[in-house]
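Everything below belongs to upload_29.txt, which stores compact mmCIF, C-alpha atoms (C1' of nucleotides).
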# COMPACT_ATOMS: atom_id res chain seq x y z
CA MET A 623 3.91 -15.57 6.29
CA ILE A 624 3.00 -17.50 3.19
CA SER A 625 3.06 -15.13 0.22
CA THR A 626 0.47 -14.93 -2.52
CA LYS A 627 2.76 -16.94 -4.75
CA GLY A 628 2.39 -20.03 -2.60
CA ARG A 629 -1.25 -19.49 -1.77
CA TYR A 630 -2.25 -18.83 -5.35
CA SER A 631 -0.32 -21.87 -6.52
CA ILE A 632 -2.30 -24.09 -4.22
CA ARG A 633 -5.57 -22.57 -5.39
CA ILE A 634 -4.57 -22.89 -9.02
CA LEU A 635 -3.64 -26.55 -8.70
CA LEU A 636 -6.83 -27.17 -6.77
CA ASP A 637 -8.74 -25.47 -9.55
CA LEU A 638 -7.06 -27.64 -12.15
CA ALA A 639 -7.88 -30.72 -10.11
CA GLU A 640 -11.54 -29.81 -9.75
CA ASN A 641 -11.99 -28.83 -13.36
CA GLN A 642 -10.17 -31.65 -15.03
CA THR A 643 -11.30 -32.59 -18.50
CA SER A 644 -9.84 -34.96 -21.01
CA GLY A 645 -7.91 -32.03 -22.47
CA TYR A 646 -6.18 -28.94 -21.22
CA VAL A 647 -7.57 -26.02 -19.23
CA PRO A 648 -6.49 -22.55 -20.39
CA LEU A 649 -5.17 -20.19 -17.72
CA LYS A 650 -7.73 -17.63 -18.72
CA GLU A 651 -10.45 -19.77 -17.19
CA VAL A 652 -8.47 -20.56 -14.07
CA ALA A 653 -7.56 -16.93 -13.51
CA SER A 654 -11.12 -15.80 -13.94
CA ARG A 655 -12.54 -18.46 -11.62
CA GLN A 656 -9.93 -17.73 -8.98
CA GLU A 657 -10.08 -13.98 -9.50
CA ILE A 658 -6.34 -13.67 -9.96
CA SER A 659 -4.76 -11.56 -12.68
CA LEU A 660 -4.01 -13.69 -15.71
CA LYS A 661 -0.59 -12.13 -16.06
CA TYR A 662 0.31 -12.96 -12.49
CA VAL A 663 -0.85 -16.54 -12.88
CA GLU A 664 1.35 -16.85 -15.96
CA ARG A 665 4.32 -15.70 -13.88
CA ILE A 666 3.77 -18.24 -11.16
CA LEU A 667 3.23 -21.44 -13.12
CA PRO A 668 6.54 -22.08 -14.91
CA VAL A 669 8.24 -23.34 -11.76
CA LEU A 670 5.45 -25.83 -11.18
CA LYS A 671 5.82 -27.07 -14.72
CA GLU A 672 9.58 -27.44 -14.43
CA ALA A 673 9.06 -29.54 -11.34
CA GLY A 674 6.72 -31.83 -13.23
CA LEU A 675 3.52 -31.08 -11.37
CA ILE A 676 1.72 -29.88 -14.47
CA ASP A 677 1.80 -30.28 -18.23
CA SER A 678 1.14 -27.57 -20.76
CA VAL A 679 0.26 -27.24 -24.41
CA HIS A 680 0.53 -24.09 -26.53
CA GLY A 681 -2.02 -22.77 -28.93
CA LYS A 682 -5.67 -23.31 -29.56
CA GLY A 683 -7.21 -25.93 -27.33
CA GLY A 684 -4.12 -25.74 -25.17
CA GLY A 685 -3.62 -24.92 -21.51
CA TYR A 686 -2.52 -26.75 -18.43
CA LYS A 687 -3.40 -29.96 -16.68
CA LEU A 688 -2.19 -31.83 -13.63
CA ARG A 689 0.50 -34.38 -14.31
CA LYS A 690 0.24 -36.16 -11.01
CA SER A 691 -2.92 -37.25 -9.30
CA PRO A 692 -4.28 -34.89 -6.65
CA GLU A 693 -3.40 -37.47 -4.00
CA GLU A 694 0.26 -37.38 -4.93
CA CYS A 695 0.50 -33.62 -4.80
CA SER A 696 1.37 -32.43 -1.29
CA LEU A 697 1.17 -28.85 -0.10
CA TRP A 698 4.75 -29.08 1.08
CA GLU A 699 5.89 -29.86 -2.45
CA ILE A 700 4.01 -26.86 -3.79
CA LEU A 701 5.16 -24.49 -1.08
CA ARG A 702 8.78 -25.52 -1.33
CA LEU A 703 8.73 -24.74 -5.02
CA THR A 704 6.99 -21.41 -4.78
CA GLU A 705 8.17 -20.07 -1.43
CA GLY A 706 11.72 -21.31 -1.68
CA ASP A 707 11.70 -23.15 1.61
CA LEU A 708 9.80 -22.34 4.76
CA ALA A 709 12.82 -22.23 7.06
CA PRO A 710 11.98 -19.96 10.00
CA VAL A 711 15.54 -18.65 10.30
CA ALA A 712 18.30 -17.93 7.81
CA CYS A 713 20.72 -20.52 9.15
CA LEU A 714 18.30 -23.34 8.30
CA LYS A 715 17.74 -22.26 4.72
CA GLU A 716 18.85 -24.61 1.98
CA GLY A 717 22.39 -23.80 0.98
CA ALA A 718 23.02 -21.41 3.86
CA ASP A 719 26.63 -21.18 4.99
CA PRO A 720 26.89 -23.08 8.26
CA CYS A 721 26.71 -20.81 11.29
CA ASN A 722 29.92 -20.91 13.30
CA LYS A 723 27.94 -20.47 16.48
CA ALA A 724 25.71 -23.47 15.82
CA ALA A 725 27.43 -25.58 18.45
CA GLU A 726 26.77 -23.10 21.23
CA CYS A 727 23.42 -21.82 19.93
CA ARG A 728 20.66 -22.22 22.50
CA THR A 729 17.84 -21.60 20.06
CA LEU A 730 18.82 -23.63 17.01
CA SER A 731 17.03 -26.73 18.22
CA VAL A 732 13.88 -24.68 18.71
CA TRP A 733 13.90 -23.45 15.12
CA GLN A 734 14.85 -26.88 13.82
CA GLY A 735 11.96 -28.43 15.72
CA TYR A 736 9.56 -25.88 14.33
CA TYR A 737 10.84 -26.41 10.83
CA ASP A 738 10.51 -30.19 11.08
CA MET A 739 6.97 -29.75 12.33
CA THR A 740 6.15 -27.40 9.47
CA ILE A 741 7.42 -29.80 6.82
CA ASP A 742 5.56 -32.66 8.42
CA TYR A 743 2.32 -30.72 8.62
CA PHE A 744 2.22 -29.65 5.00
CA SER A 745 3.58 -32.94 3.69
CA LYS A 746 0.57 -34.74 5.07
CA ILE A 747 -1.94 -32.57 3.23
CA SER A 748 -2.59 -33.15 -0.46
CA ILE A 749 -4.62 -31.37 -3.09
CA ALA A 750 -7.04 -34.29 -2.86
CA ASP A 751 -7.58 -33.50 0.83
CA LEU A 752 -8.51 -29.95 -0.05
CA MET A 753 -11.05 -31.18 -2.56
CA LYS A 754 -12.85 -32.90 0.29
CA ASN A 755 -13.09 -29.57 2.14
CA LYS A 756 -16.39 -28.73 0.54
CA PRO A 757 -18.09 -25.77 2.17
CA SER A 758 -20.46 -26.91 4.88
CA SER A 759 -24.10 -25.95 4.62
CA ASP A 760 -23.81 -24.69 8.19
CA TYR A 761 -22.25 -21.58 6.79
CA ILE A 762 -25.10 -20.70 4.47
CA ILE A 763 -27.17 -17.96 6.01
CA MET B 187 10.49 -16.17 8.67
CA ILE B 188 11.17 -14.95 12.17
CA SER B 189 12.87 -11.58 11.90
CA THR B 190 15.89 -10.41 13.87
CA LYS B 191 13.56 -8.50 16.15
CA GLY B 192 12.01 -11.66 17.52
CA ARG B 193 15.19 -13.68 17.51
CA TYR B 194 17.23 -10.98 19.19
CA SER B 195 14.52 -10.50 21.80
CA ILE B 196 14.72 -14.13 22.78
CA ARG B 197 18.49 -13.97 23.01
CA ILE B 198 18.36 -10.78 25.05
CA LEU B 199 15.89 -12.18 27.54
CA LEU B 200 17.91 -15.36 27.76
CA ASP B 201 21.00 -13.28 28.38
CA LEU B 202 19.24 -11.38 31.16
CA ALA B 203 18.12 -14.67 32.68
CA GLU B 204 21.57 -16.18 32.62
CA ASN B 205 23.30 -13.10 33.95
CA GLN B 206 20.92 -12.16 36.71
CA THR B 207 22.35 -10.30 39.68
CA SER B 208 20.65 -8.66 42.63
CA GLY B 209 20.59 -5.43 40.61
CA TYR B 210 20.14 -4.37 37.02
CA VAL B 211 22.12 -5.31 33.96
CA PRO B 212 22.98 -2.45 31.56
CA LEU B 213 22.20 -3.00 27.89
CA LYS B 214 25.78 -2.22 27.02
CA GLU B 215 26.83 -5.54 28.51
CA VAL B 216 23.98 -7.49 26.92
CA ALA B 217 24.65 -5.99 23.50
CA SER B 218 28.34 -6.73 23.71
CA ARG B 219 27.85 -10.33 24.89
CA GLN B 220 25.24 -10.96 22.19
CA GLU B 221 27.13 -9.04 19.54
CA ILE B 222 24.14 -6.91 18.64
CA SER B 223 24.36 -3.17 18.10
CA LEU B 224 23.50 -1.32 21.32
CA LYS B 225 21.27 1.09 19.45
CA TYR B 226 19.27 -1.71 17.91
CA VAL B 227 18.83 -3.42 21.26
CA GLU B 228 17.53 -0.15 22.67
CA ARG B 229 14.93 -0.04 19.90
CA ILE B 230 13.67 -3.51 20.55
CA LEU B 231 13.21 -3.53 24.30
CA PRO B 232 10.48 -0.94 25.01
CA VAL B 233 7.69 -3.26 23.86
CA LEU B 234 8.92 -6.00 26.19
CA LYS B 235 8.91 -3.55 29.05
CA GLU B 236 5.41 -2.30 28.31
CA ALA B 237 4.20 -5.88 28.36
CA GLY B 238 5.70 -6.36 31.81
CA LEU B 239 8.37 -8.88 30.92
CA ILE B 240 11.22 -6.71 32.14
CA ASP B 241 11.91 -3.85 34.56
CA SER B 242 14.26 -0.97 33.97
CA VAL B 243 16.07 1.70 35.93
CA HIS B 244 17.69 4.81 34.53
CA GLY B 245 21.09 6.18 35.38
CA LYS B 246 24.23 4.88 36.99
CA GLY B 247 23.84 1.33 38.23
CA GLY B 248 20.69 1.05 36.16
CA GLY B 249 19.72 -1.30 33.38
CA TYR B 250 17.20 -4.07 32.88
CA LYS B 251 16.17 -7.21 34.67
CA LEU B 252 13.56 -9.89 34.18
CA ARG B 253 10.30 -9.26 35.96
CA LYS B 254 8.92 -12.75 35.57
CA SER B 255 10.77 -15.95 36.26
CA PRO B 256 12.34 -17.62 33.21
CA GLU B 257 9.81 -20.44 33.62
CA GLU B 258 6.89 -18.08 33.16
CA CYS B 259 8.29 -16.50 30.04
CA SER B 260 7.19 -18.39 26.92
CA LEU B 261 8.62 -17.90 23.46
CA TRP B 262 5.13 -17.38 22.12
CA GLU B 263 4.67 -14.41 24.42
CA ILE B 264 7.93 -12.89 23.24
CA LEU B 265 7.30 -13.55 19.57
CA ARG B 266 3.77 -12.22 19.64
CA LEU B 267 5.05 -8.97 21.08
CA THR B 268 7.95 -8.52 18.71
CA GLU B 269 6.69 -10.11 15.51
CA GLY B 270 3.10 -8.91 15.77
CA ASP B 271 1.56 -12.31 15.43
CA LEU B 272 2.78 -15.30 13.49
CA ALA B 273 -0.37 -15.79 11.42
CA PRO B 274 0.63 -17.55 8.19
CA VAL B 275 -1.96 -15.68 6.11
CA ALA B 276 -3.44 -12.20 6.24
CA CYS B 277 -6.98 -13.29 6.99
CA LEU B 278 -5.90 -14.87 10.28
CA LYS B 279 -4.07 -11.80 11.54
CA GLU B 280 -5.39 -10.14 14.66
CA GLY B 281 -7.88 -7.46 13.72
CA ALA B 282 -8.10 -8.47 10.07
CA ASP B 283 -11.41 -7.71 8.42
CA PRO B 284 -13.24 -10.99 8.02
CA CYS B 285 -12.85 -12.52 4.57
CA ASN B 286 -16.15 -12.78 2.74
CA LYS B 287 -15.00 -15.98 1.12
CA ALA B 288 -14.24 -17.69 4.40
CA ALA B 289 -17.30 -19.93 4.19
CA GLU B 290 -16.30 -21.38 0.85
CA CYS B 291 -12.54 -21.26 1.35
CA ARG B 292 -10.93 -24.66 0.92
CA THR B 293 -7.61 -23.69 2.48
CA LEU B 294 -8.60 -21.69 5.55
CA SER B 295 -8.68 -24.74 7.78
CA VAL B 296 -5.18 -25.63 6.64
CA TRP B 297 -3.80 -22.24 7.67
CA GLN B 298 -5.79 -22.25 10.87
CA GLY B 299 -4.42 -25.66 11.77
CA TYR B 300 -0.89 -24.52 11.07
CA TYR B 301 -1.37 -21.39 13.12
CA ASP B 302 -2.79 -23.33 16.09
CA MET B 303 0.15 -25.69 15.90
CA THR B 304 2.58 -22.77 15.81
CA ILE B 305 1.09 -21.11 18.87
CA ASP B 306 1.07 -24.40 20.72
CA TYR B 307 4.67 -25.14 19.85
CA PHE B 308 6.11 -21.84 21.01
CA SER B 309 3.83 -21.60 24.04
CA LYS B 310 5.32 -24.76 25.45
CA ILE B 311 8.89 -23.49 25.33
CA SER B 312 10.10 -21.08 28.00
CA ILE B 313 13.29 -19.11 28.53
CA ALA B 314 14.06 -21.57 31.31
CA ASP B 315 13.96 -24.41 28.78
CA LEU B 316 16.51 -22.63 26.64
CA MET B 317 18.81 -22.25 29.66
CA LYS B 318 18.93 -26.02 29.88
CA ASN B 319 20.09 -26.21 26.28
CA LYS B 320 23.72 -26.00 27.28
CA PRO B 321 26.04 -26.79 24.43
CA SER B 322 26.85 -30.47 24.42
CA SER B 323 30.44 -31.57 24.57
CA ASP B 324 29.71 -33.76 21.56
CA TYR B 325 30.04 -30.71 19.41
CA ILE B 326 33.57 -29.85 20.53
CA ILE B 327 36.04 -31.00 17.95
C1' DA C 1192 27.31 18.45 39.42
C1' DA C 1193 29.05 14.65 36.82
C1' DA C 1194 28.48 10.36 35.03
C1' DC C 1195 25.68 7.01 33.28
C1' DA C 1196 22.01 4.49 31.11
C1' DA C 1197 17.38 4.29 29.58
C1' DC C 1198 14.26 6.62 26.32
C1' DC C 1199 12.58 8.99 22.11
C1' DT C 1200 12.36 10.51 17.18
C1' DA C 1201 13.82 10.70 12.64
C1' DT C 1202 16.24 8.96 8.73
C1' DT C 1203 18.37 5.65 5.65
C1' DA C 1204 19.76 1.77 2.61
C1' DA C 1205 18.59 -2.56 0.97
C1' DC C 1206 15.51 -5.87 -0.31
C1' DA C 1207 11.40 -8.48 -1.48
C1' DA C 1208 6.50 -8.82 -2.63
C1' DA C 1209 2.95 -8.11 -5.89
C1' DG C 1210 1.60 -6.97 -9.88
C1' DT C 1211 1.72 -4.71 -14.86
C1' DA C 1212 2.97 -4.36 -19.74
C1' DG C 1213 4.52 -5.75 -23.96
C1' DT C 1214 6.54 -8.96 -26.94
C1' DT C 1215 7.73 -13.54 -28.71
C1' DT C 1216 7.19 -18.42 -29.52
C1' DA C 1217 4.71 -22.53 -30.31
C1' DG C 1218 0.88 -25.36 -31.54
C1' DT C 1219 -3.98 -26.17 -33.47
C1' DA C 1220 -8.05 -25.59 -36.45
C1' DG C 1221 -9.90 -24.34 -40.68
C1' DC D 824 -0.70 -21.96 -45.38
C1' DT D 825 -2.84 -18.72 -42.50
C1' DA D 826 -5.26 -17.04 -38.64
C1' DC D 827 -6.02 -17.79 -34.04
C1' DT D 828 -4.90 -18.90 -29.51
C1' DA D 829 -2.39 -19.62 -25.42
C1' DA D 830 1.89 -20.35 -23.21
C1' DA D 831 6.54 -18.25 -22.44
C1' DC D 832 9.77 -14.68 -21.81
C1' DT D 833 11.68 -10.08 -20.40
C1' DA D 834 11.60 -5.83 -18.24
C1' DC D 835 9.66 -2.57 -15.31
C1' DT D 836 7.10 -0.24 -11.32
C1' DT D 837 5.13 0.33 -7.07
C1' DT D 838 4.77 -0.51 -2.40
C1' DG D 839 6.02 -2.02 1.95
C1' DT D 840 9.16 -4.07 5.35
C1' DT D 841 13.49 -5.06 7.53
C1' DA D 842 17.45 -3.80 9.83
C1' DA D 843 19.75 -0.70 11.13
C1' DT D 844 22.07 4.18 12.35
C1' DA D 845 22.34 8.84 14.30
C1' DG D 846 21.53 12.24 17.50
C1' DG D 847 19.39 14.23 21.15
C1' DT D 848 16.61 14.07 25.82
C1' DT D 849 15.22 12.51 30.27
C1' DG D 850 15.81 10.51 34.52
C1' DT D 851 18.93 8.26 38.64
C1' DT D 852 22.61 7.48 41.29
C1' DT D 853 27.09 8.59 43.42
Can you present the structure in this file as structure tokens?
Amino acid sequence: MISTKGRYSIRILLDLAENQTSGYVPLKEVASRQEISLKYVERILPVLKEAGLIDSVHGKGGGYKLRKSPEECSLWEILRLTEGDLAPVACLKEGADPCNKAAECRTLSVWQGYYDMTIDYFSKISIADLMKNKPSSDYII
Amino acid sequence: MISTKGRYSIRILLDLAENQTSGYVPLKEVASRQEISLKYVERILPVLKEAGLIDSVHGKGGGYKLRKSPEECSLWEILRLTEGDLAPVACLKEGADPCNKAAECRTLSVWQGYYDMTIDYFSKISIADLMKNKPSSDYII
DNA sequence: AAACAACCTATTAACAAAGTAGTTTAGTAG
DNA sequence: CTACTAAACTACTTTGTTAATAGGTTGTTT
């Protein structure tokens, strides 16, 4: 399961992308548009800033803005930062001590295959792709 | 993350498949071969029995055995039973109340695509496939 | 009847997710 | 220079899940 941390991060970056101005967008606006607690948003963002996905400015007129273009920002990059990694089993996690049964493990290749597929899937989707996902009028009742 | 419940279940069924006899295999042997606590194995199996994957017999000479052939037993079937479902987000879980933002949600299709891919991946792998995954001699040092 | 193995119920410790609260620091506008 | 604003930091709480463990009961076979 993808936790709120990862899902919210995607929505927040998407919000920043869709509401870009020449300046900075304060979190207050993002939180209110996305209906996420401001305090929780504040908790989530620092890691995205550290990684260079966003820039921030303190004080009046300050806020956040995207540092990269929406095209360059893949969901895999966001999820890896916020969810740690998406390894389906402990022995494939980054920095895990190597399993001494790996050589005889019948299921390792299954998990590895799934993990590779997961990385590939999310790597190929960018924030820009999500922007194209405008709601279809088919859905309007 | 796939929890121990799902991973152990796969290993247990694989163990039953590889150690089939004309009769029944007691859990004591499975647990000891797989190095899983007997008590924990006992907790996990009932759901697999209910679903008709395995048969059991009480008492002396009793134990478990596969009901289906290893070819008919897909990992998806096992994981769905033991992990609930593998929906990456709450709104795709079985029996979830429909999200009222679904029509305007920019990310739903991403999660749905990932979920479809997940089901497809695990559906195409059977216990019989895992039996073929014999450890390669390349790994022996 | 004795041995054996599945079955059932309750309890526990450990951990992570999700969010809240309050304070501090930094930058801008007047 | 001062007031305002918004990010940044720290600590806490609540809730739920995972991964077991413990002990007793029921049902079969020899």
With the cut-off set at 10 Å and counting only C-alpha atoms (C1' of nucleotides), tabulate each residue of chain D with an atom at most that distance from an atom of stretch 1213-1220 of chain C, showing the nearest atom pair and its distance in Å to one decimal, ordered by chain and increasing number, as a Markdown table.
| residue | atom | partner | partner_atom | distance |
| --- | --- | --- | --- | --- |
| D:DA826 | C1' | C:DA1220 | C1' | 9.3 |
| D:DC827 | C1' | C:DA1220 | C1' | 8.4 |
| D:DT828 | C1' | C:DT1219 | C1' | 8.3 |
| D:DA829 | C1' | C:DG1218 | C1' | 9.0 |
| D:DA830 | C1' | C:DA1217 | C1' | 7.9 |
| D:DA831 | C1' | C:DT1216 | C1' | 7.1 |
| D:DC832 | C1' | C:DT1215 | C1' | 7.3 |
| D:DT833 | C1' | C:DT1214 | C1' | 8.4 |
| D:DA834 | C1' | C:DG1213 | C1' | 9.1 |
Residue neighbourhood B:Cys291, 10 Å, only C-alpha atoms (C1' of nucleotides), exclusion window fewer than 5 positions, as a PDB file with C-alpha atoms, in the frame of the given file:
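Listing of result_28.pdb after writing:
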ATOM      1  CA  ARG A 633      -5.570 -22.570  -5.390  1.00  0.00           C
ATOM      2  CA  LEU A 752      -8.510 -29.950  -0.050  1.00  0.00           C
ATOM      3  CA  ASN A 755     -13.090 -29.570   2.140  1.00  0.00           C
ATOM      4  CA  LYS A 756     -16.390 -28.730   0.540  1.00  0.00           C
ATOM      5  CA  PRO A 757     -18.090 -25.770   2.170  1.00  0.00           C
TER       6      PRO A 757
ATOM      7  CA  CYS B 285     -12.850 -12.520   4.570  1.00  0.00           C
ATOM      8  CA  ASN B 286     -16.150 -12.780   2.740  1.00  0.00           C
TER       9      ASN B 286
END
Just give me the residues with any atom within 6 Å of (-4.0, -26.5, -14.2), file coordinates, counting all atoms listed in the file, written as a PDB file with C-alpha atoms, in the coordinates of the input.
ATOM      1  CA  LEU A 635      -3.640 -26.550  -8.700  1.00  0.00           C
ATOM      2  CA  LEU A 638      -7.060 -27.640 -12.150  1.00  0.00           C
ATOM      3  CA  TYR A 686      -2.520 -26.750 -18.430  1.00  0.00           C
ATOM      4  CA  LYS A 687      -3.400 -29.960 -16.680  1.00  0.00           C
ATOM      5  CA  LEU A 688      -2.190 -31.830 -13.630  1.00  0.00           C
TER       6      LEU A 688
END
Margin query: Between atom CA of B:Leu213 and atom CA of B:Lys318, what is the distance in Å, rounded to a tenth?
Written below: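 Here the two named atoms are 23.3 Å from each other.
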Next item on the list: Compute the chain B side of the contact with chain A at 8 Å, counting all atoms listed in the file, and hand it back as a ChimeraX atom specification.
Entry: /B:187-189,272-275,289-293,300,304,307,316-317,319-322,325-326
Margin query: At a cut-off of 9 Å, which residues of chain B touch chain D? Count only C-alpha atoms (C1' of nucleotides) and give the answer as a list in words.
Written below: Ser189, Thr190, Lys191, Ser223, Lys225, Tyr226, Val243, His244, Gly245, Lys246, Gly247 and Gly248 of chain B
Notebook entry, point to check: In Å, with one decimal, what is the gap from atom CA of A:Glu693 to atom CA of A:Ala750?
Noted result: 5.0 Å
Check: Separation of atom CA of A:Gly706 and atom CA of A:Leu670, in Å?
Finding: 12.2 Å
Checklist line | From C:DG1210, C:DA1193, C:DT1203, C:DG1221, residue lying nearest chain B [all atoms listed in the file] | finding: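 The answer is C:DA1193, which sits nearest to chain B.
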Complete stretch 295-309 of chain B with N, CA and C atoms (output as a short mmCIF file (atom, residue, chain, number, x, y, z; two decimals), in the coordinates of the input).
data_model
loop_
_atom_site.label_atom_id
_atom_site.label_comp_id
_atom_site.auth_asym_id
_atom_site.auth_seq_id
_atom_site.Cartn_x
_atom_site.Cartn_y
_atom_site.Cartn_z
N SER B 295 -8.90 -23.82 6.66
CA SER B 295 -8.68 -24.74 7.78
C SER B 295 -7.23 -25.21 7.83
N VAL B 296 -6.60 -25.25 6.67
CA VAL B 296 -5.18 -25.63 6.64
C VAL B 296 -4.33 -24.58 7.36
N TRP B 297 -4.58 -23.32 7.04
CA TRP B 297 -3.80 -22.24 7.67
C TRP B 297 -4.13 -22.14 9.15
N GLN B 298 -5.40 -22.32 9.47
CA GLN B 298 -5.79 -22.25 10.87
C GLN B 298 -5.10 -23.36 11.66
N GLY B 299 -5.07 -24.54 11.10
CA GLY B 299 -4.42 -25.66 11.77
C GLY B 299 -2.94 -25.40 11.97
N TYR B 300 -2.32 -24.83 10.97
CA TYR B 300 -0.89 -24.52 11.07
C TYR B 300 -0.65 -23.46 12.13
N TYR B 301 -1.51 -22.48 12.15
CA TYR B 301 -1.37 -21.39 13.12
C TYR B 301 -1.53 -21.93 14.55
N ASP B 302 -2.56 -22.73 14.77
CA ASP B 302 -2.79 -23.33 16.09
C ASP B 302 -1.57 -24.12 16.54
N MET B 303 -1.02 -24.86 15.60
CA MET B 303 0.15 -25.69 15.90
C MET B 303 1.34 -24.81 16.28
N THR B 304 1.49 -23.70 15.56
CA THR B 304 2.58 -22.77 15.81
C THR B 304 2.48 -22.18 17.22
N ILE B 305 1.29 -21.71 17.55
CA ILE B 305 1.09 -21.11 18.87
C ILE B 305 1.38 -22.14 19.95
N ASP B 306 0.87 -23.35 19.74
CA ASP B 306 1.07 -24.40 20.72
C ASP B 306 2.55 -24.71 20.90
N TYR B 307 3.25 -24.79 19.80
CA TYR B 307 4.67 -25.14 19.85
C TYR B 307 5.47 -24.13 20.67
N PHE B 308 5.31 -22.86 20.34
CA PHE B 308 6.11 -21.84 21.01
C PHE B 308 5.63 -21.55 22.44
N SER B 309 4.35 -21.82 22.69
CA SER B 309 3.83 -21.60 24.04
C SER B 309 4.45 -22.56 25.05
#
